[in-house]
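Here the structure is laid out as structure tokens; the discussion comes afterwards.
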Amino acid sequence: MTRRQRAEKVIGALREAIPRPETELEYVDPFQLIVAVILSAQCTDERVNLVTPALFEQFPDIRSMAKAAPEEIYPFIKSVTYPNSKSRHLAGMARKVVAEFNGEIPDTLEELMTLPGVGRKTAQVVASVAFDVDALPVDTHIFRVANRIGLTKDARTPLHVERQLKKVLPEEDWSEGHHLLILHGRYTCTARSPRCDACSVPPACKYFDRLQRLPDPIKGLSKRKGKYFCATREHYFDEPAYQTDRYGIQQVACPRCNSMNVFETKTGRSTKQIPDYRVGR
Ligand code: SF4
């Protein structure tokens with residue numbers, strides 16, 4: 001299966017599973033959206049949605065926020081991550097929008113990225129959600145999910161993921177694909193333990209395929225004889241050797257024969273690790 005075919009299947013399956021692929025941030029206009037997106041950097045949408053109602057009551061538009069000092073914004077956002085720098089960014093962003101864009105949130109990536117607190121990802125989210133610009137911002141969920149499923153190959157940075165995804169997804173699917181992958185990563189393909197049993201993607205998922213190819217657990221191993229069991233030489237041992245596999249992962253190996261066909265005696269499970277990207281929240 002090519003990556004383009006894989007992407008088509010994955011997006012198709014996610015469309016069925018996620019009927020409303022849209023941001024979970026609450027906002028009513030581009031001003032509220034840009035504020036919420038700035039606040040959401042390394043913070044949950046849930047937390048941001050808790051603080052924005054009072055913030056927007058105090059600062060209902062860009063001009064009122066532009067008049068505020070960061071110290072006046074801080075009390076409203078102190079429970080989100082990095083409140084000091086985000087207060088400064090919000091005040092600076094609002095001032096610049098009033099001074100240079102006549103109080104209108106700009107609608108191009110280039111202009112958005114000139115605003116304090118607005119990097120490439122934030123600019124793409126605002127442009128895509130508020131102004132329907134075809135954009136594909138990559139956050140921690142998309143980074144993990146795209147790599148895990150195999151929509152990207154050896155993509156080590158969000159920009160690599162973005163570039164590779166843009167090659168395998170048609171441009172008209174970028175914005176929708178962005179929301180589908182985020183929501184999938186947030187609720188199903190989670191960082192620590194992906195819920196493969198509740199997922200609609202398995203036939204197209206590389207990670208799932210590799211999981212299926214792991215050897216079945218061995219029943220009846222004796223813990224007393226050693227921590228590990230080498231199924232190649234059929235003996236127990238406590239101190240493993242290590243071998244690096246073709247994915248660059250350090251695997252437990254048999255100290256006698258270097259085989260990686262090793263099982264934990266406590267659980268009976270293979271010690272083999274498969275490539276994954278367990279980053280982010
Ligand atoms: S099958 Fe598992 S790893 Fe693959 S996308 Fe679904 S939840 Fe994620």
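By order of appearance in the structure tokens: chains A, B, ..., then residues from 1 within every chain, and ligands from 1 in the order shown.
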
Practice prompt. Using backbone DSSP assignments, extract all strand (DSSP E or B) residues from stretch 27-276 of chain A; output them as a count of residues only.
Written response: 18

Discussion item. Any residue with an atom at most 7 Å from ligand 1 counts, using only C-alpha atoms and all ligand atoms. Which are they? Put them as a ChimeraX atom specification.
Written reply: /A:145,148-149,188-189,194-196,199-202,205-208

Hey, can you spit out that residue selection with N, CA and C atoms as an mmCIF file, in the first residue's frame?
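Printed below is out-v1.cif as written:
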data_model
loop_
_atom_site.group_PDB
_atom_site.id
_atom_site.type_symbol
_atom_site.label_atom_id
_atom_site.label_comp_id
_atom_site.auth_asym_id
_atom_site.auth_seq_id
_atom_site.Cartn_x
_atom_site.Cartn_y
_atom_site.Cartn_z
ATOM 1 N N VAL A 145 0.345 10.628 15.600
ATOM 2 C CA VAL A 145 -0.575 9.767 14.861
ATOM 3 C C VAL A 145 -0.082 9.517 13.427
ATOM 4 N N ARG A 148 2.816 7.173 13.591
ATOM 5 C CA ARG A 148 2.421 5.852 14.081
ATOM 6 C C ARG A 148 1.676 5.067 12.997
ATOM 7 N N ILE A 149 0.741 5.726 12.348
ATOM 8 C CA ILE A 149 -0.058 5.033 11.328
ATOM 9 C C ILE A 149 0.783 4.722 10.094
ATOM 10 N N THR A 188 -8.603 8.588 20.651
ATOM 11 C CA THR A 188 -8.458 7.152 20.341
ATOM 12 C C THR A 188 -6.997 6.723 20.266
ATOM 13 N N CYS A 189 -6.238 7.362 19.390
ATOM 14 C CA CYS A 189 -4.840 6.946 19.219
ATOM 15 C C CYS A 189 -3.988 7.764 20.198
ATOM 16 N N PRO A 194 -2.708 3.585 22.814
ATOM 17 C CA PRO A 194 -3.701 3.722 21.744
ATOM 18 C C PRO A 194 -4.813 2.687 21.898
ATOM 19 N N ARG A 195 -6.048 3.148 21.675
ATOM 20 C CA ARG A 195 -7.203 2.252 21.858
ATOM 21 C C ARG A 195 -7.520 1.543 20.539
ATOM 22 N N CYS A 196 -6.619 0.634 20.158
ATOM 23 C CA CYS A 196 -6.748 -0.021 18.853
ATOM 24 C C CYS A 196 -8.061 -0.795 18.736
ATOM 25 N N CYS A 199 -10.817 1.452 17.410
ATOM 26 C CA CYS A 199 -10.375 2.298 16.305
ATOM 27 C C CYS A 199 -10.864 1.762 14.968
ATOM 28 N N SER A 200 -11.155 2.672 14.049
ATOM 29 C CA SER A 200 -11.654 2.235 12.735
ATOM 30 C C SER A 200 -10.542 2.175 11.684
ATOM 31 N N VAL A 201 -9.317 2.502 12.091
ATOM 32 C CA VAL A 201 -8.221 2.613 11.130
ATOM 33 C C VAL A 201 -7.401 1.324 10.934
ATOM 34 N N PRO A 202 -7.452 0.320 11.856
ATOM 35 C CA PRO A 202 -6.484 -0.779 11.819
ATOM 36 C C PRO A 202 -6.055 -1.313 10.464
ATOM 37 N N CYS A 205 -3.265 0.766 9.328
ATOM 38 C CA CYS A 205 -2.322 1.300 10.327
ATOM 39 C C CYS A 205 -1.069 0.422 10.438
ATOM 40 N N LYS A 206 0.066 1.048 10.204
ATOM 41 C CA LYS A 206 1.324 0.312 10.238
ATOM 42 C C LYS A 206 1.640 -0.198 11.648
ATOM 43 N N TYR A 207 1.376 0.640 12.627
ATOM 44 C CA TYR A 207 1.657 0.275 14.016
ATOM 45 C C TYR A 207 0.840 -0.973 14.396
ATOM 46 N N PHE A 208 -0.447 -0.941 14.032
ATOM 47 C CA PHE A 208 -1.323 -2.067 14.353
ATOM 48 C C PHE A 208 -0.826 -3.329 13.661
#

Worksheet item: Between atom CA of A:Leu115 and atom CA of A:Val161, what is the distance, to one decimal in Å?
Response: 24.1 Å

Item to complete: May I have the residues within 7 Å of A:Val48 as a VMD selection string, using only C-alpha atoms and disregarding those fewer than 6 positions away in the same chain?
Response: chain A and resid 36 39 to 40 80

Discussion item. Applying 12 Å and only C-alpha atoms, which residues near A:Gly12 remain after dropping the ones on its own chain fewer than 3 positions away? List them as a count of residues only.
Written reply: 20

Item to complete: Run DSSP on the backbone and grab whatever in stretch 138-205 of chain A lands in alpha helix (DSSP H); send it over as a ChimeraX atom specification.
Response: /A:140-149,158-168,174-187

Requested write-out: N, CA and C atoms of the selected residues, as a compact mmCIF listing (two decimals), in the first residue's frame:
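Okay, this is what ended up in out_30.txt:
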# COMPACT_ATOMS: atom_id res chain seq x y z
N THR A 140 1.17 18.13 18.50
CA THR A 140 1.73 16.91 19.08
C THR A 140 0.92 15.66 18.70
N HIS A 141 -0.42 15.81 18.60
CA HIS A 141 -1.26 14.65 18.26
C HIS A 141 -1.01 14.22 16.81
N ILE A 142 -1.00 15.21 15.91
CA ILE A 142 -0.82 14.86 14.50
C ILE A 142 0.57 14.28 14.28
N PHE A 143 1.56 14.84 14.96
CA PHE A 143 2.93 14.34 14.83
C PHE A 143 2.98 12.85 15.19
N ARG A 144 2.37 12.52 16.33
CA ARG A 144 2.41 11.13 16.79
C ARG A 144 1.59 10.22 15.88
N VAL A 145 0.35 10.63 15.60
CA VAL A 145 -0.57 9.77 14.86
C VAL A 145 -0.08 9.52 13.43
N ALA A 146 0.40 10.58 12.78
CA ALA A 146 0.85 10.43 11.38
C ALA A 146 2.03 9.47 11.31
N ASN A 147 2.96 9.60 12.24
CA ASN A 147 4.11 8.69 12.25
C ASN A 147 3.69 7.27 12.61
N ARG A 148 2.82 7.17 13.59
CA ARG A 148 2.42 5.85 14.08
C ARG A 148 1.68 5.07 13.00
N ILE A 149 0.74 5.73 12.35
CA ILE A 149 -0.06 5.03 11.33
C ILE A 149 0.78 4.72 10.09
N PRO A 158 7.88 18.59 13.33
CA PRO A 158 6.53 18.92 12.84
C PRO A 158 6.56 19.40 11.39
N LEU A 159 7.60 20.13 11.01
CA LEU A 159 7.65 20.62 9.63
C LEU A 159 7.82 19.48 8.64
N HIS A 160 8.63 18.47 9.01
CA HIS A 160 8.76 17.29 8.14
C HIS A 160 7.40 16.60 8.00
N VAL A 161 6.70 16.46 9.14
CA VAL A 161 5.38 15.79 9.09
C VAL A 161 4.45 16.59 8.18
N GLU A 162 4.44 17.91 8.37
CA GLU A 162 3.56 18.76 7.56
C GLU A 162 3.85 18.57 6.06
N ARG A 163 5.13 18.61 5.72
CA ARG A 163 5.49 18.50 4.29
C ARG A 163 5.07 17.15 3.72
N GLN A 164 5.32 16.09 4.50
CA GLN A 164 4.99 14.75 3.99
C GLN A 164 3.47 14.56 3.90
N LEU A 165 2.74 15.06 4.91
CA LEU A 165 1.28 14.91 4.86
C LEU A 165 0.70 15.67 3.67
N LYS A 166 1.27 16.84 3.40
CA LYS A 166 0.75 17.62 2.27
C LYS A 166 0.97 16.91 0.94
N LYS A 167 1.96 16.01 0.91
CA LYS A 167 2.19 15.26 -0.33
C LYS A 167 1.19 14.12 -0.50
N VAL A 168 0.71 13.57 0.61
CA VAL A 168 -0.17 12.41 0.47
C VAL A 168 -1.66 12.75 0.60
N TRP A 174 -6.75 19.14 3.49
CA TRP A 174 -5.78 19.50 4.53
C TRP A 174 -6.45 19.93 5.84
N SER A 175 -7.39 20.88 5.73
CA SER A 175 -8.00 21.42 6.96
C SER A 175 -8.81 20.35 7.68
N GLU A 176 -9.60 19.63 6.91
CA GLU A 176 -10.41 18.57 7.52
C GLU A 176 -9.49 17.48 8.11
N GLY A 177 -8.46 17.12 7.34
CA GLY A 177 -7.52 16.09 7.80
C GLY A 177 -6.86 16.50 9.10
N HIS A 178 -6.53 17.78 9.21
CA HIS A 178 -5.92 18.32 10.43
C HIS A 178 -6.82 18.04 11.64
N HIS A 179 -8.10 18.39 11.51
CA HIS A 179 -9.02 18.18 12.65
C HIS A 179 -9.27 16.70 12.91
N LEU A 180 -9.38 15.92 11.83
CA LEU A 180 -9.63 14.48 12.03
C LEU A 180 -8.47 13.84 12.78
N LEU A 181 -7.25 14.17 12.38
CA LEU A 181 -6.09 13.53 13.01
C LEU A 181 -5.92 14.00 14.45
N ILE A 182 -6.19 15.29 14.71
CA ILE A 182 -6.09 15.78 16.09
C ILE A 182 -7.10 15.05 16.99
N LEU A 183 -8.35 15.01 16.54
CA LEU A 183 -9.39 14.40 17.38
C LEU A 183 -9.13 12.90 17.55
N HIS A 184 -8.63 12.28 16.49
CA HIS A 184 -8.30 10.85 16.59
C HIS A 184 -7.19 10.64 17.62
N GLY A 185 -6.18 11.51 17.59
CA GLY A 185 -5.06 11.40 18.53
C GLY A 185 -5.48 11.73 19.96
N ARG A 186 -6.43 12.66 20.08
CA ARG A 186 -6.85 13.06 21.43
C ARG A 186 -7.69 12.00 22.11
N TYR A 187 -8.55 11.32 21.35
CA TYR A 187 -9.51 10.42 21.99
C TYR A 187 -9.30 8.92 21.72

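Taking atom CA of A:Val138 and atom CA of A:Ala41 as the two end points, the separation is 12.0 Å.
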
A:Met65: which residues within 12 Å, counting only C-alpha atoms, same-chain residues fewer than 6 positions away excluded, as a short mmCIF file (atom, residue, chain, number, x, y, z; two decimals) with C-alpha atoms, in the first residue's frame?
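Saved to part31.cif:
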data_model
loop_
_atom_site.label_atom_id
_atom_site.label_comp_id
_atom_site.auth_asym_id
_atom_site.auth_seq_id
_atom_site.Cartn_x
_atom_site.Cartn_y
_atom_site.Cartn_z
CA PHE A 31 -10.22 37.78 17.58
CA GLN A 32 -11.45 35.19 20.08
CA VAL A 35 -6.55 34.48 21.55
CA LEU A 55 -11.25 36.93 29.64
CA PHE A 56 -13.58 37.87 26.77
CA GLU A 57 -16.03 39.51 29.13
CA GLN A 58 -13.24 41.78 30.36
CA PHE A 59 -11.69 42.27 26.89
CA GLU A 71 -0.40 42.37 34.15
CA GLU A 72 -4.09 43.11 33.56
CA ILE A 73 -4.47 40.04 31.34
CA TYR A 74 -2.48 37.72 33.60
CA SER A 87 -0.06 37.61 28.79
CA ARG A 88 2.76 39.49 27.04
CA HIS A 89 1.97 37.82 23.72
CA LEU A 90 -1.74 38.64 23.91
CA ALA A 91 -1.11 42.29 24.77
CA GLY A 92 1.55 42.57 22.04
CA MET A 93 -0.56 40.75 19.46
CA ALA A 94 -3.57 43.00 20.10
CA ARG A 95 -1.47 46.18 19.90
CA LYS A 96 0.12 45.14 16.64
CA VAL A 97 -3.22 44.18 15.07
CA VAL A 98 -4.67 47.58 16.01
CA GLY A 103 -7.90 46.20 14.20
#

Item to complete: Compare A:Pro170, A:Ile105, A:Asp276, A:Pro21 by their minimum atom-to-atom distance to A:Ala191, counting only C-alpha atoms, and give me the closest one.
Response: A:Asp276

Discussion item. Rounded to one decimal, what separation in Å do you get between atom CA of A:Ser193 and atom CA of A:Arg210?
Written reply: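 Result for atom CA of A:Ser193 versus atom CA of A:Arg210: 15.2 Å, one decimal.
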
Worksheet entry | Polymer residues at most 9 Å from A:Val126, only C-alpha atoms, same-chain spacing of 2 or more positions, as a VMD selection string | chain A and resid 30 33 to 34 37 107 109 112 121 to 124 128 to 133
